[in-house]
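Visitor: My file is data-v8.cif. It has mmCIF, C-alpha atoms:
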data_work
loop_
_atom_site.label_atom_id
_atom_site.label_comp_id
_atom_site.auth_asym_id
_atom_site.auth_seq_id
_atom_site.Cartn_x
_atom_site.Cartn_y
_atom_site.Cartn_z
CA MET L 6 -106.93 74.16 20.90
CA LEU L 7 -103.26 73.22 21.27
CA LYS L 8 -104.30 69.64 21.97
CA GLU L 9 -105.40 69.37 18.35
CA GLU L 10 -102.58 68.46 16.01
CA ARG L 11 -103.47 71.08 13.42
CA TRP L 12 -103.47 74.03 15.85
CA TYR L 13 -100.37 72.73 17.58
CA GLY L 14 -98.57 72.71 14.24
CA TYR L 15 -99.71 76.27 13.50
CA SER L 16 -98.44 77.43 16.89
CA MET L 17 -95.02 75.90 16.21
CA VAL L 18 -94.52 77.63 12.84
CA ALA L 19 -96.16 80.92 13.88
CA PRO L 20 -92.95 82.55 15.26
CA ALA L 21 -91.05 81.81 12.05
CA VAL L 22 -93.93 83.10 9.90
CA ILE L 23 -94.12 86.32 11.94
CA ILE L 24 -90.38 86.92 11.59
CA ILE L 25 -90.44 86.26 7.83
CA VAL L 26 -93.41 88.60 7.32
CA ALA L 27 -91.76 91.33 9.39
CA VAL L 28 -88.26 91.01 7.91
CA VAL L 29 -89.08 90.04 4.31
CA GLY L 30 -92.77 90.55 3.58
CA PHE L 31 -93.25 94.12 4.82
CA PRO L 32 -90.07 95.54 3.18
CA LEU L 33 -91.01 93.84 -0.11
CA VAL L 34 -94.52 95.31 -0.10
CA TYR L 35 -93.17 98.72 0.87
CA SER L 36 -90.63 98.50 -1.98
CA PHE L 37 -93.47 98.00 -4.45
CA PHE L 38 -95.18 101.07 -2.96
CA LEU L 39 -92.00 103.14 -3.36
CA ALA L 40 -91.45 101.90 -6.92
CA MET L 41 -94.92 103.15 -7.88
CA SER L 42 -94.31 106.61 -6.40
CA ASP L 43 -92.07 109.63 -6.85
CA LYS L 44 -90.88 109.38 -3.26
CA ALA L 45 -87.68 111.31 -2.53
CA ILE L 46 -85.88 111.91 0.75
CA GLY L 47 -87.67 114.67 2.63
CA GLN L 48 -90.54 114.80 0.11
CA PRO L 49 -94.04 113.30 0.26
CA ALA L 50 -94.84 110.37 -2.02
CA HIS L 51 -97.28 110.62 -4.95
CA PHE L 52 -98.54 107.64 -6.91
CA ILE L 53 -97.16 107.68 -10.48
CA GLY L 54 -97.78 104.08 -11.60
CA PHE L 55 -95.11 102.58 -13.84
CA ALA L 56 -93.42 105.89 -14.65
CA ASN L 57 -90.25 104.92 -12.79
CA PHE L 58 -89.95 101.70 -14.79
CA ALA L 59 -90.47 103.59 -18.06
CA LYS L 60 -87.76 106.03 -16.98
CA LEU L 61 -85.42 103.12 -16.29
CA MET L 62 -85.77 101.83 -19.85
CA ARG L 63 -84.74 105.25 -21.18
CA ASP L 64 -81.72 105.38 -18.87
CA GLU L 65 -78.56 104.38 -20.75
CA THR L 66 -76.72 103.59 -17.52
CA PHE L 67 -79.50 101.22 -16.49
CA ARG L 68 -79.34 99.43 -19.85
CA ILE L 69 -75.63 98.87 -19.19
CA THR L 70 -76.60 97.67 -15.70
CA ILE L 71 -78.95 95.05 -17.18
CA PHE L 72 -76.18 93.81 -19.49
CA ASN L 73 -73.67 93.69 -16.63
CA SER L 74 -76.09 91.87 -14.31
CA VAL L 75 -76.89 89.18 -16.89
CA ILE L 76 -73.25 88.57 -17.85
CA TYR L 77 -72.12 88.74 -14.23
CA THR L 78 -74.74 86.27 -13.03
CA ILE L 79 -74.25 83.75 -15.85
CA ALA L 80 -70.44 83.82 -15.66
CA ALA L 81 -70.22 83.80 -11.85
CA VAL L 82 -72.80 81.06 -11.29
CA SER L 83 -71.32 78.90 -14.07
CA GLY L 84 -67.82 79.35 -12.68
CA LYS L 85 -68.89 78.57 -9.12
CA ALA L 86 -70.87 75.52 -10.24
CA GLY L 87 -68.13 74.08 -12.47
CA LEU L 88 -65.19 74.71 -10.16
CA GLY L 89 -67.29 73.81 -7.11
CA LEU L 90 -68.16 70.43 -8.56
CA LEU L 91 -64.51 69.81 -9.50
CA LEU L 92 -63.33 70.78 -6.01
CA ALA L 93 -66.03 68.60 -4.42
CA LEU L 94 -64.84 65.60 -6.41
CA ILE L 95 -61.26 66.24 -5.29
CA LEU L 96 -62.31 66.56 -1.64
CA PHE L 97 -64.45 63.44 -1.93
CA HIS L 98 -61.45 61.33 -2.97
CA ILE L 99 -59.03 62.79 -0.41
CA HIS L 100 -58.68 60.52 2.62
CA ARG L 101 -55.57 61.67 4.46
CA GLY L 102 -55.92 65.14 5.93
CA ARG L 103 -59.55 65.35 4.82
CA LYS L 104 -60.63 67.65 7.67
CA ILE L 105 -57.71 70.02 7.10
CA PHE L 106 -58.45 70.45 3.39
CA ARG L 107 -62.17 70.96 4.03
CA GLY L 108 -61.33 73.59 6.60
CA LEU L 109 -59.03 75.40 4.16
CA VAL L 110 -61.78 75.44 1.54
CA MET L 111 -63.97 77.43 3.95
CA ILE L 112 -61.50 80.33 4.26
CA PRO L 113 -62.99 82.50 1.44
CA TRP L 114 -66.45 82.05 2.97
CA ALA L 115 -65.26 82.87 6.50
CA ILE L 116 -63.41 86.09 5.67
CA PRO L 117 -65.65 89.19 6.03
CA LEU L 118 -66.72 90.33 2.58
CA SER L 119 -65.53 93.91 2.98
CA ILE L 120 -62.05 92.77 4.05
CA ALA L 121 -61.89 90.28 1.18
CA GLY L 122 -62.95 93.01 -1.26
CA ILE L 123 -60.19 95.36 -0.06
CA ALA L 124 -57.60 92.57 -0.30
CA TRP L 125 -58.64 91.79 -3.88
CA MET L 126 -58.60 95.50 -4.73
CA TRP L 127 -54.95 95.61 -3.69
CA MET L 128 -54.27 92.46 -5.70
CA TYR L 129 -55.77 94.12 -8.79
CA GLU L 130 -53.76 97.34 -8.38
CA PRO L 131 -52.22 97.94 -11.87
CA MET L 132 -48.58 98.70 -11.08
CA PHE L 133 -47.66 96.73 -7.96
CA SER L 134 -50.33 94.03 -7.67
CA VAL L 135 -49.33 90.43 -7.05
CA ILE L 136 -51.47 89.29 -9.99
CA ASN L 137 -49.78 91.53 -12.58
CA ARG L 138 -46.30 90.87 -11.19
CA THR L 139 -46.92 87.12 -11.38
CA LEU L 140 -48.23 87.30 -14.94
CA LEU L 141 -45.32 89.51 -15.99
CA SER L 142 -42.73 87.21 -14.39
CA LEU L 143 -44.25 84.21 -16.17
CA GLY L 144 -44.17 86.05 -19.50
CA LEU L 145 -47.94 85.74 -19.97
CA ILE L 146 -48.38 89.51 -20.40
CA ARG L 147 -46.04 92.29 -21.57
CA THR L 148 -47.68 95.26 -19.87
CA PRO L 149 -49.64 95.47 -16.61
CA ILE L 150 -53.38 94.85 -16.97
CA PRO L 151 -55.53 97.82 -15.82
CA TRP L 152 -57.85 95.54 -13.88
CA LEU L 153 -60.12 98.09 -12.22
CA ILE L 154 -59.64 100.93 -14.71
CA HIS L 155 -60.74 99.34 -18.00
CA PRO L 156 -64.46 98.33 -18.10
CA PHE L 157 -63.83 94.86 -19.58
CA TYR L 158 -61.08 93.93 -17.14
CA ALA L 159 -63.08 95.40 -14.24
CA ARG L 160 -65.98 93.07 -15.09
CA VAL L 161 -63.59 90.12 -15.28
CA ALA L 162 -62.07 91.07 -11.92
CA ILE L 163 -65.49 91.22 -10.27
CA ILE L 164 -66.47 87.82 -11.69
CA ILE L 165 -63.20 86.21 -10.53
CA THR L 166 -63.61 87.59 -7.02
CA THR L 167 -67.25 86.47 -6.86
CA ILE L 168 -66.31 82.94 -7.95
CA TRP L 169 -63.57 82.82 -5.31
CA ARG L 170 -66.02 83.97 -2.65
CA GLY L 171 -68.79 81.51 -3.55
CA LEU L 172 -66.64 78.47 -4.23
CA PRO L 173 -66.78 77.08 -0.65
CA PHE L 174 -70.59 77.06 -0.62
CA TYR L 175 -70.79 75.17 -3.90
CA SER L 176 -67.98 72.73 -3.18
CA LEU L 177 -69.27 71.72 0.26
CA THR L 178 -72.87 71.51 -0.98
CA PHE L 179 -71.78 69.28 -3.85
CA LEU L 180 -69.62 67.27 -1.48
CA ALA L 181 -72.65 66.65 0.74
CA ALA L 182 -74.59 65.51 -2.32
CA LEU L 183 -71.80 63.11 -3.32
CA MET L 184 -71.57 61.65 0.18
CA ALA L 185 -75.33 61.03 0.24
CA ILE L 186 -75.23 58.75 -2.82
CA PRO L 187 -75.45 55.07 -1.77
CA GLN L 188 -72.16 53.35 -2.49
CA ASP L 189 -74.07 50.20 -3.53
CA PHE L 190 -75.30 51.94 -6.67
CA LEU L 191 -71.79 52.86 -7.73
CA ASP L 192 -70.41 49.41 -6.90
CA SER L 193 -73.17 47.69 -8.88
CA ALA L 194 -72.52 49.88 -11.91
CA LYS L 195 -68.79 49.20 -11.64
CA ILE L 196 -69.42 45.44 -11.56
CA ASP L 197 -71.62 45.82 -14.65
CA GLY L 198 -68.67 47.38 -16.48
CA ALA L 199 -69.53 51.10 -16.25
CA GLY L 200 -66.44 53.27 -16.21
CA ALA L 201 -65.86 56.29 -13.99
CA VAL L 202 -67.23 58.72 -16.57
CA ARG L 203 -70.43 56.73 -17.15
CA ARG L 204 -70.96 56.30 -13.40
CA PHE L 205 -70.55 60.03 -12.94
CA PHE L 206 -73.06 61.07 -15.62
CA TYR L 207 -75.62 58.28 -15.19
CA ILE L 208 -75.58 57.77 -11.41
CA THR L 209 -73.83 60.58 -9.55
CA ILE L 210 -75.33 63.56 -11.38
CA PRO L 211 -78.96 62.27 -11.51
CA LEU L 212 -78.99 61.31 -7.81
CA ALA L 213 -77.31 64.54 -6.73
CA SER L 214 -79.31 66.78 -9.07
CA PRO L 215 -82.00 67.94 -6.55
CA LEU L 216 -79.39 69.35 -4.19
CA LEU L 217 -77.36 70.75 -7.09
CA LEU L 218 -80.42 72.55 -8.48
CA ILE L 219 -81.27 74.01 -5.07
CA ALA L 220 -77.69 75.25 -4.68
CA THR L 221 -77.77 76.76 -8.17
CA LEU L 222 -81.07 78.52 -7.52
CA PHE L 223 -79.77 79.92 -4.24
CA SER L 224 -76.56 81.05 -5.93
CA VAL L 225 -78.47 82.84 -8.70
CA MET L 226 -80.51 84.74 -6.10
CA MET L 227 -77.43 85.70 -4.10
CA THR L 228 -75.38 86.66 -7.16
CA VAL L 229 -78.09 88.91 -8.60
CA ALA L 230 -78.39 90.64 -5.22
CA HIS L 231 -74.63 91.01 -4.68
CA PHE L 232 -73.49 94.43 -3.56
CA ASP L 233 -70.36 94.27 -1.40
CA ILE L 234 -67.86 92.92 -3.93
CA VAL L 235 -68.84 95.23 -6.78
CA TRP L 236 -69.08 98.27 -4.54
CA THR L 237 -65.74 97.59 -2.83
CA LEU L 238 -63.82 96.91 -6.05
CA THR L 239 -65.24 99.48 -8.47
CA GLY L 240 -68.18 101.32 -6.91
CA GLY L 241 -69.95 100.79 -10.24
CA GLY L 242 -67.14 102.47 -12.20
CA PRO L 243 -65.26 103.24 -14.26
CA LEU L 244 -67.84 105.62 -15.78
CA ASN L 245 -70.77 103.52 -14.46
CA GLN L 246 -69.67 100.57 -16.61
CA THR L 247 -69.75 97.88 -13.90
CA HIS L 248 -73.03 98.68 -12.13
CA ILE L 249 -75.33 95.80 -11.28
CA PHE L 250 -78.88 96.11 -9.93
CA ALA L 251 -77.84 96.44 -6.28
CA THR L 252 -75.21 99.15 -6.80
CA PHE L 253 -77.34 101.10 -9.30
CA SER L 254 -80.29 101.01 -6.91
CA TYR L 255 -78.08 102.16 -4.03
CA VAL L 256 -76.65 105.10 -5.97
CA GLU L 257 -80.00 106.25 -7.37
CA GLY L 258 -82.10 105.52 -4.29
CA LEU L 259 -79.89 106.50 -1.36
CA ARG L 260 -77.06 108.64 -2.67
CA SER L 261 -79.25 110.64 -5.07
CA GLY L 262 -82.24 110.57 -2.73
CA GLU L 263 -84.74 109.29 -5.33
CA LEU L 264 -86.15 106.43 -3.28
CA GLY L 265 -88.92 105.59 -5.75
CA TYR L 266 -86.55 105.37 -8.71
CA GLY L 267 -84.06 103.29 -6.72
CA ALA L 268 -86.79 100.91 -5.55
CA ALA L 269 -87.97 100.46 -9.15
CA ALA L 270 -84.42 99.54 -10.18
CA SER L 271 -84.11 96.98 -7.39
CA LEU L 272 -87.46 95.37 -8.30
CA PHE L 273 -86.86 95.33 -12.06
CA ILE L 274 -85.48 91.78 -11.99
CA PHE L 275 -88.14 90.49 -9.58
CA PRO L 276 -90.61 89.05 -12.19
CA PHE L 277 -87.81 87.18 -13.96
CA LEU L 278 -86.49 85.69 -10.72
CA ALA L 279 -90.00 84.70 -9.66
CA VAL L 280 -90.58 82.80 -12.93
CA VAL L 281 -87.16 81.13 -12.82
CA SER L 282 -87.67 80.14 -9.17
CA TYR L 283 -91.09 78.66 -9.91
CA PHE L 284 -89.92 76.42 -12.77
CA GLN L 285 -86.72 75.52 -10.94
CA LEU L 286 -88.65 74.41 -7.86
CA LYS L 287 -91.12 72.46 -10.03
CA ASN L 288 -88.15 70.74 -11.65
CA ILE L 289 -86.69 69.91 -8.24
CA GLN L 290 -90.04 68.52 -7.06
CA GLY L 291 -90.15 66.22 -10.06
CA ARG L 292 -86.70 64.83 -9.24
CA ILE L 293 -87.27 64.16 -5.54
#
Give the structure from the file, written as structure tokens.
Guide:
Amino acid sequence: MLKEERWYGYSMVAPAVIIIVAVVGFPLVYSFFLAMSDKAIGQPAHFIGFANFAKLMRDETFRITIFNSVIYTIAAVSGKAGLGLLLALILFHIHRGRKIFRGLVMIPWAIPLSIAGIAWMWMYEPMFSVINRTLLSLGLIRTPIPWLIHPFYARVAIIITTIWRGLPFYSLTFLAALMAIPQDFLDSAKIDGAGAVRRFFYITIPLASPLLLIATLFSVMMTVAHFDIVWTLTGGGPLNQTHIFATFSYVEGLRSGELGYGAAASLFIFPFLAVVSYFQLKNIQGRI
């Protein structure tokens, strides 16, 4: 059988398929089972249909969680994409010390997330933080900003930290896309009189768009599922005002012991992500 090309191909991908099914497929299916039950720690599960999802819509904290997750994802992904593209363009035009600068860009990605979260928590400390002291010394603020105490500033702090953390991934992905563009296209456009701005929007962006879209889709998935940064900085506080899906699900499912309710919270965004992923991938296919 292995002498046939079809069966040989199946045998080569079989280990990866088995691992994906075991690590991703089974937990996903089991999560759906939990979400449809009243399973609690130490208690048997009973099928209750969509009761957990109906309960979520009546939960005021979960409605705040939906708002936080949407704002957090849009702001963080937009910031990572914009600053990542800008940083990629800077790295692309640096020739001397190129390897050193690219290595420095990777530092936020290389630092363990828990350690980075603790460092940023110290930087956001209201009275003695380096951020507030710098802003006060520059005269940009008159009183220290309560970064992790006030709900609005806590959300801003989480978004800033998330952008800092994800910037290396975006910048190096965009840099790879820029380096893959044939220089002949850019030179021909330059000879035809196209300026730098026109070359960027009419040649660079269209040719790099498949990789940019893939990076954006991946970033949306990772940002929605973020847990470490939010939990380290605020733990969902103050007063449950900075919860996102992952932290809300953790608190309700594991800390409170209501596994079914927590699973329903974690799967609430699943249909939306599935639809977005489908159309995004169709868009990418059309560009390749």
Visitor: Compile the contact shell of Met184 of chain L as a list in words: residues with an atom at most 12 Å away, counting all atoms listed in the file, same-chain residues fewer than 2 positions apart removed.
Guide: Ala93, Leu94, Leu96, Phe97, His98, Leu177, Thr178, Phe179, Leu180, Ala181, Ala182, Ile186, Pro187, Gln188, Leu191, Thr209, Leu212, Ala213 and Leu216 of chain L
Visitor: Got a sec to resolve the PyMOL selection byres ((chain L and resi 73-86) around 8) on this structure and send the residues as a ChimeraX atom specification?
Guide: /L:69-72,87-90,160,164-165,167-169,171-172,175,221,224-225,228-229,246-250
Visitor: Which neighbours of segment 253-266 of chain L fall inside 7 Å, counting all atoms listed in the file, when residues of the same chain fewer than 5 positions from it are skipped, and could you give them as a list in words?
Guide: Leu39, Ala40, Met41, Ser42, Asp43, Lys44, Ala45, Ile46, Asn57, His248 and Ser271 of chain L
Visitor: If the PyMOL selection byres ((chain L and resi 115-125) around 12) were run on this exact file, what residues would it hold? Put them as a count of residues only.
Guide: 41
Visitor: Just how far from atom CA of Phe284 of chain L is atom CA of Leu218 of chain L, in Å to one decimal?
Guide: 11.1 Å
Visitor: Ranking L:Ala19, L:Ala194, L:Ile24, L:Val29 by minimum distance to Phe206 of chain L and counting all atoms listed in the file, which one comes first?
Guide: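 Looking only at the distances to Phe206 of chain L, the closest residue turns out to be L:Ala194.
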Visitor: So the first atom is atom CA of Tyr158 of chain L and the second is atom CA of Leu244 of chain L; what is the distance between them in Å, to one decimal place?
Guide: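 Computing it gives 13.6 Å between the two atoms.
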Visitor: Please indicate the distance in Å from atom CA of Val280 of chain L to atom CA of Phe223 of chain L, rounded to one decimal place.
Guide: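 Those two atoms sit 14.2 Å apart.
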Visitor: Which is closer to Gly242 of chain L than all the others in L:Gly144, L:Pro156, L:Gly14, L:Gly198, using all atoms listed in the file?
Guide: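 Nearest to Gly242 of chain L: L:Pro156.
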